[in-house]
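Here is the structure we will look at.
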Amino acid sequence: MNSYENTNEKLPSVTVIGLGAMGQALAGAFLNKGYPTTVWNRSPQKADALVARGALRASTAAEAVAASQLVVVCLVDYKAMYEIFATSASSLTGRTLVNLTSDTPERAREAAAWAAEHNINYLDGAILVPTVVIGEPEALIFYSGPQALFEAHQTTLKALGGNSAYLGANPGLAALYDLALLDIFYSSMASIVHAFALVNSENVPAAAFLPYANAFTSILSSIMVTLANNIDNAQHSGEQDNLRMEAEGIAHIIEASQARGLDVSLLKAVKALADRAIAGGHGGDSISRLFDYVKGAEALR
């Protein structure tokens, strides 16, 4: 094992545990900014490239933790974190653990409770960019947990991304925002693929359709502003559009898609939601009214 002596008087040492593609990017970002960085992974060879760049390789998780007051973990899931620290949680006592593992808000809060039981300072986080963007000014990373703790390590964590955002004391907020943005991402990707399939059914290449798709989707930002205002103010005026009109448009897409043998399961789910709102007497409302139907029965009382 390499020496853990911090020879850099200006920057604090950092430990990164978990050296998958994202973990390696995190450790690399710390090294690029000059932070003395200790690394550990259950498969030791994953540290080789980082060690060649100046990282210190620990032989155990406990030794890795002992090297720094700030410990960043990025693992496949929270279960892996508990397994790694099953016999060495005490080594984290009094230190700060920043968990950048993706999971649910419920598991984030459970991890915060586990950390509190072991007197570990805990921040939960979520990474919203691919590995190649880590360390760049535009890299967006969410953090949630005690504000004072975030502020104490904010400068160091900025090495991972210049667009760091603290969301609040609730440790589940980072995971919540992460999942909400991925909700937009995955639904949008599925819709884009379906649109490409629709035009391809008449031999239109995706590249030929792309400029119009880009121009069309540019209006979504302003639409989201309107939807957010409607939802926050519980006002769903359908003067500019209404659910009956939107449902007819969806029906046309379904009809054309079925005629071409395309899968329409996603579209049918959207149409079913709109139909429920119309049946509930909200056909004249804006599409923002679907918020209440997504929320369920409690929101409709």
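Residue numbering restarts at 1 in every chain; chains get A, B, ... in the order shown in the structure tokens, and ligands count up from 1 in that same order.
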
Contact residues around A:Glu151 with only C-alpha atoms at 12 Å, ignoring same-chain residues under 6 positions, as a PyMOL selection string
chain A and resi 123+143-145+157-158+164-166+168

Could those selected residues go to a file with C-alpha atoms, as a short mmCIF file (atom, residue, chain, number, x, y, z; two decimals), in the first residue's frame?
data_model
loop_
_atom_site.label_atom_id
_atom_site.label_comp_id
_atom_site.auth_asym_id
_atom_site.auth_seq_id
_atom_site.Cartn_x
_atom_site.Cartn_y
_atom_site.Cartn_z
CA LEU A 123 -24.64 13.73 2.25
CA TYR A 143 -26.62 17.09 -3.09
CA SER A 144 -29.01 16.81 -0.16
CA GLY A 145 -28.53 16.54 3.60
CA LEU A 157 -16.97 18.81 -4.28
CA LYS A 158 -16.83 21.52 -6.96
CA SER A 164 -23.24 21.52 -8.11
CA ALA A 165 -26.66 22.17 -6.58
CA TYR A 166 -27.68 21.84 -2.94
CA GLY A 168 -32.16 20.86 0.97
#

I'd like a table as JSON lines: residues in stretch 111-139 of chain A with an atom no more than 12 Å from stretch 180-196 of chain A, each row giving the shortest atom pair and its distance in Å to one decimal, only C-alpha atoms counted, sorted by chain and rising residue number.
{"residue": "A:Ala126", "atom": "CA", "partner": "A:Leu181", "partner_atom": "CA", "distance": 11.0}
{"residue": "A:Ile127", "atom": "CA", "partner": "A:Leu181", "partner_atom": "CA", "distance": 11.1}
{"residue": "A:Leu128", "atom": "CA", "partner": "A:Leu181", "partner_atom": "CA", "distance": 8.5}
{"residue": "A:Val129", "atom": "CA", "partner": "A:Leu182", "partner_atom": "CA", "distance": 11.1}

Running DSSP on the backbone, which parts of stretch 199-239 of chain A land in helix (DSSP H, G or I), as a PyMOL selection string?
chain A and resi 199-200+206-217+220-233

Can you write out the residues you just picked, keeping C-alpha atoms, as a PDB file, in the first residue's frame?
ATOM      1  CA  VAL A 199     -41.626   8.662 -40.409  1.00  0.00           C
ATOM      2  CA  ASN A 200     -39.439   5.672 -41.304  1.00  0.00           C
ATOM      3  CA  ALA A 206     -34.375   9.887 -39.238  1.00  0.00           C
ATOM      4  CA  ALA A 207     -31.743  12.427 -40.310  1.00  0.00           C
ATOM      5  CA  ALA A 208     -34.200  14.060 -42.739  1.00  0.00           C
ATOM      6  CA  PHE A 209     -36.801  14.440 -39.986  1.00  0.00           C
ATOM      7  CA  LEU A 210     -34.307  15.563 -37.347  1.00  0.00           C
ATOM      8  CA  PRO A 211     -34.142  19.323 -38.122  1.00  0.00           C
ATOM      9  CA  TYR A 212     -37.901  19.627 -37.719  1.00  0.00           C
ATOM     10  CA  ALA A 213     -37.868  17.554 -34.539  1.00  0.00           C
ATOM     11  CA  ASN A 214     -35.210  19.848 -33.083  1.00  0.00           C
ATOM     12  CA  ALA A 215     -37.167  22.967 -34.021  1.00  0.00           C
ATOM     13  CA  PHE A 216     -40.389  21.497 -32.629  1.00  0.00           C
ATOM     14  CA  THR A 217     -38.926  20.421 -29.293  1.00  0.00           C
ATOM     15  CA  LEU A 220     -40.962  22.610 -24.740  1.00  0.00           C
ATOM     16  CA  SER A 221     -39.063  24.889 -22.360  1.00  0.00           C
ATOM     17  CA  SER A 222     -41.739  27.592 -22.463  1.00  0.00           C
ATOM     18  CA  ILE A 223     -44.487  24.976 -22.269  1.00  0.00           C
ATOM     19  CA  MET A 224     -42.936  23.576 -19.085  1.00  0.00           C
ATOM     20  CA  VAL A 225     -43.026  27.046 -17.542  1.00  0.00           C
ATOM     21  CA  THR A 226     -46.766  27.252 -18.231  1.00  0.00           C
ATOM     22  CA  LEU A 227     -47.405  23.746 -16.905  1.00  0.00           C
ATOM     23  CA  ALA A 228     -45.429  24.443 -13.717  1.00  0.00           C
ATOM     24  CA  ASN A 229     -47.368  27.668 -13.096  1.00  0.00           C
ATOM     25  CA  ASN A 230     -50.682  25.927 -13.699  1.00  0.00           C
ATOM     26  CA  ILE A 231     -49.820  23.084 -11.336  1.00  0.00           C
ATOM     27  CA  ASP A 232     -48.405  25.253  -8.539  1.00  0.00           C
ATOM     28  CA  ASN A 233     -51.443  27.551  -8.680  1.00  0.00           C
TER      29      ASN A 233
END

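Distance-wise, atom CA of A:Ser102 and atom CA of A:Ala175 end up 6.9 Å apart.
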